[in-house]
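Next up, input_32.txt (compact mmCIF, C-alpha atoms and all ligand atoms):
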```txt
# COMPACT_ATOMS: atom_id res chain seq x y z
CA MET A 1 6.95 1.05 -36.50
CA ILE A 2 9.11 0.25 -33.49
CA ASP A 3 10.73 3.30 -31.88
CA LYS A 4 13.88 3.17 -29.80
CA PHE A 5 14.48 5.77 -27.11
CA LEU A 6 17.52 6.57 -25.05
CA GLY A 7 16.65 7.21 -21.39
CA ILE A 8 18.96 9.17 -19.13
CA GLU A 9 18.56 9.38 -15.34
CA TYR A 10 20.76 11.47 -13.02
CA SER A 11 18.38 13.21 -10.59
CA CYS A 12 20.17 12.04 -7.45
CA ASP A 13 23.36 9.99 -7.12
CA ASP A 14 22.78 7.15 -9.61
CA THR A 15 23.77 7.67 -13.22
CA SER A 16 21.79 5.40 -15.48
CA VAL A 17 21.38 5.13 -19.24
CA ALA A 18 19.15 2.73 -21.17
CA ILE A 19 17.83 2.07 -24.65
CA VAL A 20 14.26 0.80 -24.67
CA SER A 21 12.08 0.00 -27.68
CA SER A 22 8.35 0.63 -27.97
CA ASP A 23 7.80 -3.15 -27.95
CA LYS A 24 9.20 -3.28 -24.38
CA ASN A 25 12.67 -4.49 -25.20
CA VAL A 26 15.43 -3.19 -22.95
CA ILE A 27 18.27 -3.25 -25.45
CA PHE A 28 20.90 -1.56 -23.31
CA HIS A 29 20.95 -0.67 -19.62
CA LYS A 30 23.83 0.53 -17.53
CA THR A 31 23.67 2.07 -14.05
CA ILE A 32 26.63 3.37 -12.11
CA SER A 33 25.94 4.09 -8.44
CA GLN A 34 28.15 6.57 -6.74
CA SER A 35 29.37 5.20 -3.44
CA TYR A 36 28.98 7.34 -0.38
CA THR A 37 29.23 6.07 3.15
CA THR A 38 27.04 8.65 4.87
CA GLY A 39 24.73 10.20 2.25
CA VAL A 40 24.75 12.06 -1.05
CA VAL A 41 26.91 15.17 -1.51
CA PRO A 42 25.11 17.15 -4.27
CA GLU A 43 28.15 18.97 -5.70
CA ILE A 44 30.19 15.79 -5.94
CA ALA A 45 27.24 13.87 -7.37
CA ALA A 46 26.79 16.45 -10.15
CA ARG A 47 30.45 16.33 -11.17
CA ARG A 48 30.50 12.55 -11.21
CA HIS A 49 27.38 12.42 -13.41
CA LEU A 50 29.19 14.40 -16.08
CA HIS A 51 32.08 11.96 -16.34
CA THR A 52 29.92 8.88 -15.99
CA LEU A 53 27.34 9.97 -18.57
CA HIS A 54 30.06 10.69 -21.06
CA ASP A 55 31.70 7.28 -20.50
CA ILE A 56 28.44 5.32 -20.78
CA VAL A 57 27.19 7.11 -23.87
CA LEU A 58 30.45 6.38 -25.71
CA ASP A 59 29.28 2.74 -25.94
CA ILE A 60 26.03 3.64 -27.73
CA ASN A 61 25.11 4.23 -31.37
CA ILE A 62 23.01 7.35 -30.82
CA SER A 63 22.12 8.06 -34.45
CA ASP A 64 20.04 4.86 -34.52
CA LEU A 65 17.48 6.28 -32.05
CA GLN A 66 14.16 8.11 -32.48
CA GLY A 67 14.17 10.03 -29.18
CA ILE A 68 16.14 11.01 -26.11
CA ALA A 69 14.18 11.00 -22.86
CA ALA A 70 15.77 12.80 -19.95
CA THR A 71 14.75 13.52 -16.36
CA PHE A 72 13.77 17.17 -15.99
CA GLY A 73 12.93 16.89 -12.27
CA PRO A 74 12.29 16.64 -9.45
CA GLY A 75 15.74 16.00 -8.04
CA LEU A 76 18.95 17.61 -6.82
CA VAL A 77 19.36 20.89 -8.68
CA SER A 78 23.06 20.45 -9.43
CA SER A 79 22.57 16.89 -10.70
CA LEU A 80 19.62 17.97 -12.87
CA MET A 81 21.57 20.87 -14.37
CA THR A 82 24.40 18.57 -15.35
CA GLY A 83 22.16 15.89 -16.79
CA VAL A 84 19.72 18.15 -18.61
CA ASN A 85 22.53 20.02 -20.32
CA PHE A 86 24.22 16.77 -21.28
CA ALA A 87 20.94 15.51 -22.79
CA LYS A 88 20.42 18.80 -24.65
CA GLY A 89 23.92 18.52 -26.07
CA LEU A 90 23.26 15.02 -27.36
CA SER A 91 19.93 16.09 -28.84
CA LEU A 92 21.43 19.04 -30.68
CA ALA A 93 24.48 17.17 -31.86
CA TYR A 94 22.56 14.24 -33.32
CA GLY A 95 19.34 16.05 -34.29
CA ILE A 96 17.23 13.72 -32.19
CA PRO A 97 14.18 15.11 -30.31
CA LEU A 98 14.55 15.55 -26.58
CA TYR A 99 11.57 14.55 -24.41
CA LYS A 100 11.19 15.91 -20.88
CA VAL A 101 10.32 13.24 -18.36
CA ASN A 102 9.08 13.72 -14.81
CA HIS A 103 11.03 11.39 -12.53
CA LEU A 104 8.01 10.51 -10.36
CA GLU A 105 5.78 9.75 -13.35
CA ALA A 106 8.55 7.51 -14.71
CA HIS A 107 8.66 5.53 -11.42
CA MET A 108 4.87 5.10 -11.51
CA LEU A 109 4.77 4.07 -15.19
CA SER A 110 7.73 1.68 -14.89
CA VAL A 111 5.40 -1.19 -13.96
CA SER A 112 4.03 -1.33 -17.52
CA LEU A 113 7.48 -2.02 -18.95
CA THR A 114 7.12 -5.61 -17.73
CA GLU A 115 3.43 -5.99 -16.80
CA ASP A 116 0.12 -5.42 -18.57
CA ILE A 117 -1.43 -3.39 -15.79
CA PRO A 118 -4.95 -2.01 -16.46
CA TYR A 119 -5.70 1.72 -16.08
CA PRO A 120 -6.64 3.29 -13.76
CA TYR A 121 -4.40 1.82 -11.08
CA LEU A 122 -3.32 2.94 -7.63
CA SER A 123 0.39 3.53 -7.45
CA LEU A 124 2.29 3.53 -4.19
CA LEU A 125 5.50 5.40 -4.87
CA ILE A 126 8.00 4.88 -2.05
CA SER A 127 11.49 6.21 -2.67
CA GLY A 128 14.27 8.16 -1.00
CA GLY A 129 12.64 11.50 -1.76
CA HIS A 130 8.92 10.76 -2.12
CA THR A 131 6.07 8.80 -0.58
CA GLN A 132 2.79 9.13 -2.42
CA LEU A 133 -0.40 7.28 -3.25
CA VAL A 134 -1.39 8.27 -6.76
CA LEU A 135 -4.25 7.26 -9.03
CA VAL A 136 -2.70 6.69 -12.44
CA LYS A 137 -5.58 7.25 -14.87
CA SER A 138 -3.54 7.14 -18.07
CA VAL A 139 0.05 7.73 -19.12
CA HIS A 140 -0.65 11.47 -18.84
CA GLU A 141 -3.08 11.74 -15.91
CA PHE A 142 -1.93 11.40 -12.31
CA GLU A 143 -4.09 12.28 -9.31
CA ILE A 144 -2.30 12.47 -5.97
CA LEU A 145 -4.57 10.98 -3.31
CA GLY A 146 -2.12 10.84 -0.42
CA ASN A 147 1.29 12.25 0.39
CA THR A 148 3.76 12.22 3.22
CA ILE A 149 3.56 15.44 5.17
CA ASP A 150 7.17 15.15 6.31
CA ASP A 151 9.81 12.45 5.64
CA ALA A 152 9.85 10.09 2.70
CA LEU A 153 9.97 6.41 3.61
CA GLY A 154 13.40 5.80 2.04
CA GLU A 155 14.80 8.71 4.01
CA CYS A 156 13.60 7.02 7.24
CA PHE A 157 15.24 3.73 6.25
CA ASP A 158 18.48 5.58 5.55
CA LYS A 159 18.45 7.59 8.78
CA ILE A 160 17.58 4.59 10.93
CA ALA A 161 20.41 2.70 9.20
CA LYS A 162 22.80 5.57 9.86
CA SER A 163 21.93 5.41 13.57
CA MET A 164 22.93 1.74 13.44
CA ASN A 165 26.23 2.76 11.79
CA LEU A 166 25.26 1.11 8.51
CA GLU A 167 26.33 2.38 5.12
CA TYR A 168 24.17 4.48 2.80
CA PRO A 169 21.70 3.55 1.36
CA GLY A 170 20.53 1.65 4.40
CA GLY A 171 17.21 0.25 3.13
CA PRO A 172 18.53 -3.09 1.85
CA THR A 173 20.39 -3.84 5.12
CA ILE A 174 17.42 -2.89 7.28
CA GLU A 175 15.41 -5.34 5.17
CA LYS A 176 17.96 -8.14 5.80
CA TYR A 177 17.93 -7.42 9.53
CA ALA A 178 14.14 -7.34 9.62
CA LEU A 179 13.93 -10.83 8.11
CA LEU A 180 15.80 -12.10 11.20
CA GLY A 181 13.95 -10.04 13.81
CA ASN A 182 10.78 -10.13 15.89
CA LYS A 183 8.27 -7.70 14.35
CA LYS A 184 6.17 -7.56 17.53
CA LYS A 185 9.07 -6.73 19.85
CA TYR A 186 8.52 -2.95 19.75
CA ASN A 187 5.06 -1.47 19.68
CA TYR A 188 5.82 1.77 17.81
CA SER A 189 2.94 4.18 17.46
CA LYS A 190 1.38 4.34 14.02
CA PRO A 191 1.42 7.90 12.67
CA LEU A 192 -1.83 9.37 11.24
CA TYR A 193 -3.45 5.96 11.67
CA ARG A 194 -7.20 5.88 11.05
CA ASN A 195 -7.33 9.68 10.79
CA ASN A 196 -9.66 9.81 7.78
CA SER A 197 -6.98 10.89 5.37
CA ALA A 198 -4.64 9.21 2.91
CA ASN A 199 -1.78 11.45 4.00
CA MET A 200 1.13 9.91 5.83
CA SER A 201 3.77 11.02 8.31
CA PHE A 202 6.98 9.15 9.10
CA SER A 203 9.18 11.66 10.87
CA GLY A 204 7.89 10.88 14.38
CA LEU A 205 8.08 7.13 13.77
CA LYS A 206 11.67 7.54 12.58
CA THR A 207 12.59 9.40 15.80
CA GLN A 208 10.83 6.80 17.95
CA VAL A 209 12.68 3.99 16.16
CA ILE A 210 16.06 5.73 16.40
CA ARG A 211 15.57 6.31 20.15
CA SER A 212 14.89 2.62 20.70
CA ILE A 213 18.15 1.46 19.07
CA ASP A 214 20.80 -0.06 21.33
CA PHE A 215 23.80 -2.32 20.74
CA ASN A 216 22.08 -5.64 20.27
CA ASN A 217 18.52 -5.03 19.09
CA HIS A 218 19.00 -4.08 15.42
CA TYR A 219 17.11 -7.07 14.01
CA ASP A 220 14.05 -6.54 16.22
CA VAL A 221 14.05 -2.77 15.68
CA SER A 222 14.19 -3.26 11.89
CA ALA A 223 11.40 -5.87 11.92
CA SER A 224 9.15 -3.78 14.18
CA PHE A 225 9.76 -0.63 12.10
CA ILE A 226 8.81 -2.31 8.81
CA TYR A 227 5.82 -3.99 10.47
CA THR A 228 4.53 -0.58 11.65
CA VAL A 229 5.09 0.93 8.17
CA CYS A 230 3.09 -1.92 6.60
CA LYS A 231 0.21 -1.36 9.01
CA VAL A 232 0.13 2.36 8.12
CA LEU A 233 0.25 1.64 4.37
CA GLU A 234 -2.59 -0.87 4.72
CA ASP A 235 -4.69 1.69 6.59
CA LYS A 236 -4.10 4.34 3.90
CA ILE A 237 -4.90 2.01 1.00
CA LYS A 238 -8.10 0.89 2.75
CA TYR A 239 -9.08 4.51 3.30
CA ILE A 240 -8.68 5.25 -0.42
CA MET A 241 -10.69 2.14 -1.33
CA LYS A 242 -13.72 3.53 0.52
CA ASP A 243 -14.18 6.18 -2.20
CA VAL A 244 -12.27 4.91 -5.21
CA ASP A 245 -12.91 1.63 -6.99
CA ILE A 246 -9.40 0.18 -7.11
CA LYS A 247 -8.82 -2.80 -9.41
CA ALA A 248 -5.02 -2.84 -9.41
CA LEU A 249 -2.21 -1.71 -7.13
CA SER A 250 1.40 -1.14 -8.07
CA VAL A 251 4.39 -0.30 -5.90
CA SER A 252 7.41 1.54 -7.28
CA GLY A 253 10.54 3.38 -6.14
CA GLY A 254 13.61 2.11 -4.29
CA VAL A 255 11.68 1.04 -1.16
CA GLY A 256 9.32 -0.89 -3.45
CA ALA A 257 12.08 -3.51 -3.69
CA ASN A 258 11.48 -4.38 -0.02
CA LYS A 259 10.16 -7.94 0.19
CA LEU A 260 8.36 -7.52 3.51
CA ILE A 261 6.49 -4.46 2.25
CA CYS A 262 5.64 -6.25 -1.01
CA ASP A 263 4.37 -9.30 0.91
CA ALA A 264 2.15 -7.07 3.06
CA LEU A 265 0.79 -5.28 -0.04
CA TYR A 266 0.14 -8.62 -1.70
CA ASP A 267 -1.93 -9.68 1.35
CA ILE A 268 -3.94 -6.44 1.29
CA CYS A 269 -4.68 -7.03 -2.41
CA GLN A 270 -5.67 -10.65 -1.84
CA LYS A 271 -8.10 -9.66 0.92
CA ASN A 272 -9.70 -6.95 -1.22
CA SER A 273 -9.76 -8.66 -4.63
CA ILE A 274 -7.24 -6.25 -6.12
CA ARG A 275 -4.57 -7.34 -8.60
CA PHE A 276 -1.05 -6.61 -7.39
CA PHE A 277 1.70 -5.48 -9.75
CA PRO A 278 4.99 -4.77 -7.99
CA VAL A 279 7.56 -3.14 -10.24
CA ASN A 280 10.26 -5.60 -11.24
CA LYS A 281 13.09 -5.24 -8.68
CA LYS A 282 15.48 -4.29 -11.52
CA TYR A 283 13.45 -1.13 -12.16
CA CYS A 284 12.56 -0.07 -8.58
CA SER A 285 15.58 2.10 -7.84
CA ASP A 286 16.43 5.02 -10.10
CA ASN A 287 17.15 3.75 -13.61
CA GLY A 288 17.40 4.92 -17.21
CA ALA A 289 14.98 2.26 -18.51
CA MET A 290 12.03 3.82 -16.69
CA ILE A 291 12.92 7.23 -18.16
CA ALA A 292 13.15 5.84 -21.71
CA TRP A 293 9.88 3.96 -21.20
CA ALA A 294 8.03 7.03 -19.84
CA GLY A 295 9.36 9.02 -22.83
CA LEU A 296 8.02 6.38 -25.21
CA LEU A 297 4.63 6.17 -23.48
CA GLN A 298 4.18 9.93 -23.41
CA ARG A 299 5.69 10.72 -26.81
CA ASN A 300 2.39 11.46 -28.56
CA LYS A 301 1.59 14.32 -26.19
CA ALA A 302 5.20 14.89 -25.38
CA ASP A 303 6.75 17.91 -23.84
CA LEU A 304 9.50 18.36 -26.38
CA ASP A 305 12.29 20.65 -25.39
CA ASP A 306 11.68 23.16 -28.15
CA LYS A 307 14.54 25.50 -27.24
CA CYS A 308 16.84 22.67 -27.94
CA PHE A 309 15.30 21.01 -30.94
CA ALA A 310 13.14 23.53 -32.77
CA THR A 311 16.28 25.07 -34.20
CA GLY A 312 16.62 21.89 -36.22
CA GLN A 313 20.36 22.36 -36.14
CA ARG A 314 22.66 19.47 -36.51
CA PHE A 315 26.24 19.53 -35.38
CA LYS A 316 28.66 16.99 -36.66
CA VAL A 317 30.14 14.80 -33.95
CA ASN A 318 33.26 12.81 -34.72
O1 LIG A 401 13.89 5.34 -6.03
P1 LIG A 401 15.24 5.51 -5.43
O2 LIG A 401 16.38 4.75 -6.04
O3 LIG A 401 15.68 7.01 -5.43
C1 LIG A 401 14.83 8.08 -5.26
O4 LIG A 401 14.14 8.47 -6.21
O5 LIG A 401 14.79 8.55 -4.10
O6 LIG A 401 15.12 5.14 -3.87
C2 LIG A 401 16.22 5.11 -3.03
C3 LIG A 401 15.76 4.69 -1.64
C4 LIG A 401 16.86 4.76 -0.58
O7 LIG A 401 16.35 5.48 0.52
C5 LIG A 401 17.11 3.31 -0.22
O8 LIG A 401 17.52 3.10 1.13
C6 LIG A 401 15.75 2.70 -0.47
O9 LIG A 401 15.31 3.32 -1.66
N1 LIG A 401 15.80 1.24 -0.67
C7 LIG A 401 15.18 0.36 0.15
C8 LIG A 401 15.47 -0.93 -0.36
N2 LIG A 401 16.25 -0.79 -1.47
C9 LIG A 401 16.45 0.56 -1.65
N3 LIG A 401 14.42 0.55 1.24
C10 LIG A 401 13.93 -0.55 1.85
N4 LIG A 401 14.18 -1.81 1.44
C11 LIG A 401 14.93 -2.05 0.34
N5 LIG A 401 15.16 -3.30 -0.05
ZN ZN A 402 13.60 7.86 -7.84
```

Transcribe the structure of this file into structure tokens.
Amino acid sequence: MIDKFLGIEYSCDDTSVAIVSSDKNVIFHKTISQSYTTGVVPEIAARRHLHTLHDIVLDINISDLQGIAATFGPGLVSSLMTGVNFAKGLSLAYGIPLYKVNHLEAHMLSVSLTEDIPYPYLSLLISGGHTQLVLVKSVHEFEILGNTIDDALGECFDKIAKSMNLEYPGGPTIEKYALLGNKKKYNYSKPLYRNNSANMSFSGLKTQVIRSIDFNNHYDVSASFIYTVCKVLEDKIKYIMKDVDIKALSVSGGVGANKLICDALYDICQKNSIRFFPVNKKYCSDNGAMIAWAGLLQRNKADLDDKCFATGQRFKVN
């Protein structure tokens, strides 16, 4: 039987809702990004989620679905409170089970929505809030092998962009600049390079990059920054490969949409006979489809929200 799940994502500033079927069909997908010029304001983000979720869900026939998958964290507390309570309301009103989804696991599993990636695989999760190298052993088993000890990569892109007076989120513009710049112009130091660990650090690099910015060097700064990041990522992946037999690598999260980083990862994979599975660009940034898909994949051992559903109550919604 084919199941259809609603996926709801709201952990930061994007509100996204999708319907995905167990045979990998994305039947509905709508994302509304809140526009900020300088960064996310949590209180405002939470209030906007409430209105946006309500508006999007009006377009959907909920009673036709077998499950509601919702992000239970990590994320901004105010955004999560709004979204979780909205999801609980829907679940109670329609009598449809509510499945708790971990946002990071959803990013890492999103690759299998479009690709047949073999388990175990190494997942590089690079987003605005997280930077991790994780061994995904199954849809339920995740072993963190490396982590940033300070800033997430997306945060660095955004702060460097802010220092160039670019709008938030700055990652896509830094990427465009980098494509036009000289990657060897600035020889930034590579943090925690060859230090016998898969942990990463980007805070010092971010400061070094920001200090080198002047009026007319944005292209070269962007290119040299991304080049340094790629070198560090290569070093960390190689370190992991010394102990773990890696057959496949995936990259997910907003920064995973970066073409220069994907090209560098592709080269690393080619050199080391690893298959490379970048997440489809559509599903790199926060999205409801990855939440629905993670809910579907994990539904057999699911963490059902019993307080919400065990009552078995049904409320009539007009
Ligand atoms: O995964 P995501 O949508 O949200 C979190 O879970 O954090 O990631 C957002 C981050 C932002 O920092 C944004 O600047 C970055 O992803 N980003 C990029 C690109 N597109 C989005 N960074 C570098 N290159 C891109 N093309
Ligand atoms: Zn995310």

Quote the spacing between atom CA of Tyr266 of chain A and atom CA of Leu249 of chain A in Å to one decimal place.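 Here the two named atoms are 9.1 Å from each other.
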
Proximity to Gln298 of chain A - best of A:Thr131, A:Thr114, A:Asn102, A:Asn196, all atoms listed in the file: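 For Gln298 of chain A, the nearest of the candidates is A:Asn102.
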
Please return, as JSON, numbers by chain, all polymer residues that have at least one atom within 6 Å of the point (1.9, 14.4, -3.7); use all atoms listed in the file and the file's own coordinate frame. {"A": [132, 144, 147]}

Show me as JSON, numbers by chain the residues that reach within 7 Å of (15.7, 6.4, 3.2), counting only C-alpha atoms and using the file's own coordinates. {"A": [128, 152, 153, 154, 155, 156, 157, 158, 159, 169, 170, 171]}

Spatial neighbours of segment 216-218 of chain A, max dist 10 Å, all atoms listed in the file, sep filter under 5 positions, as a PyMOL selection string: chain A and resi 160-161+164+174+177-178+180-182+185+223-224
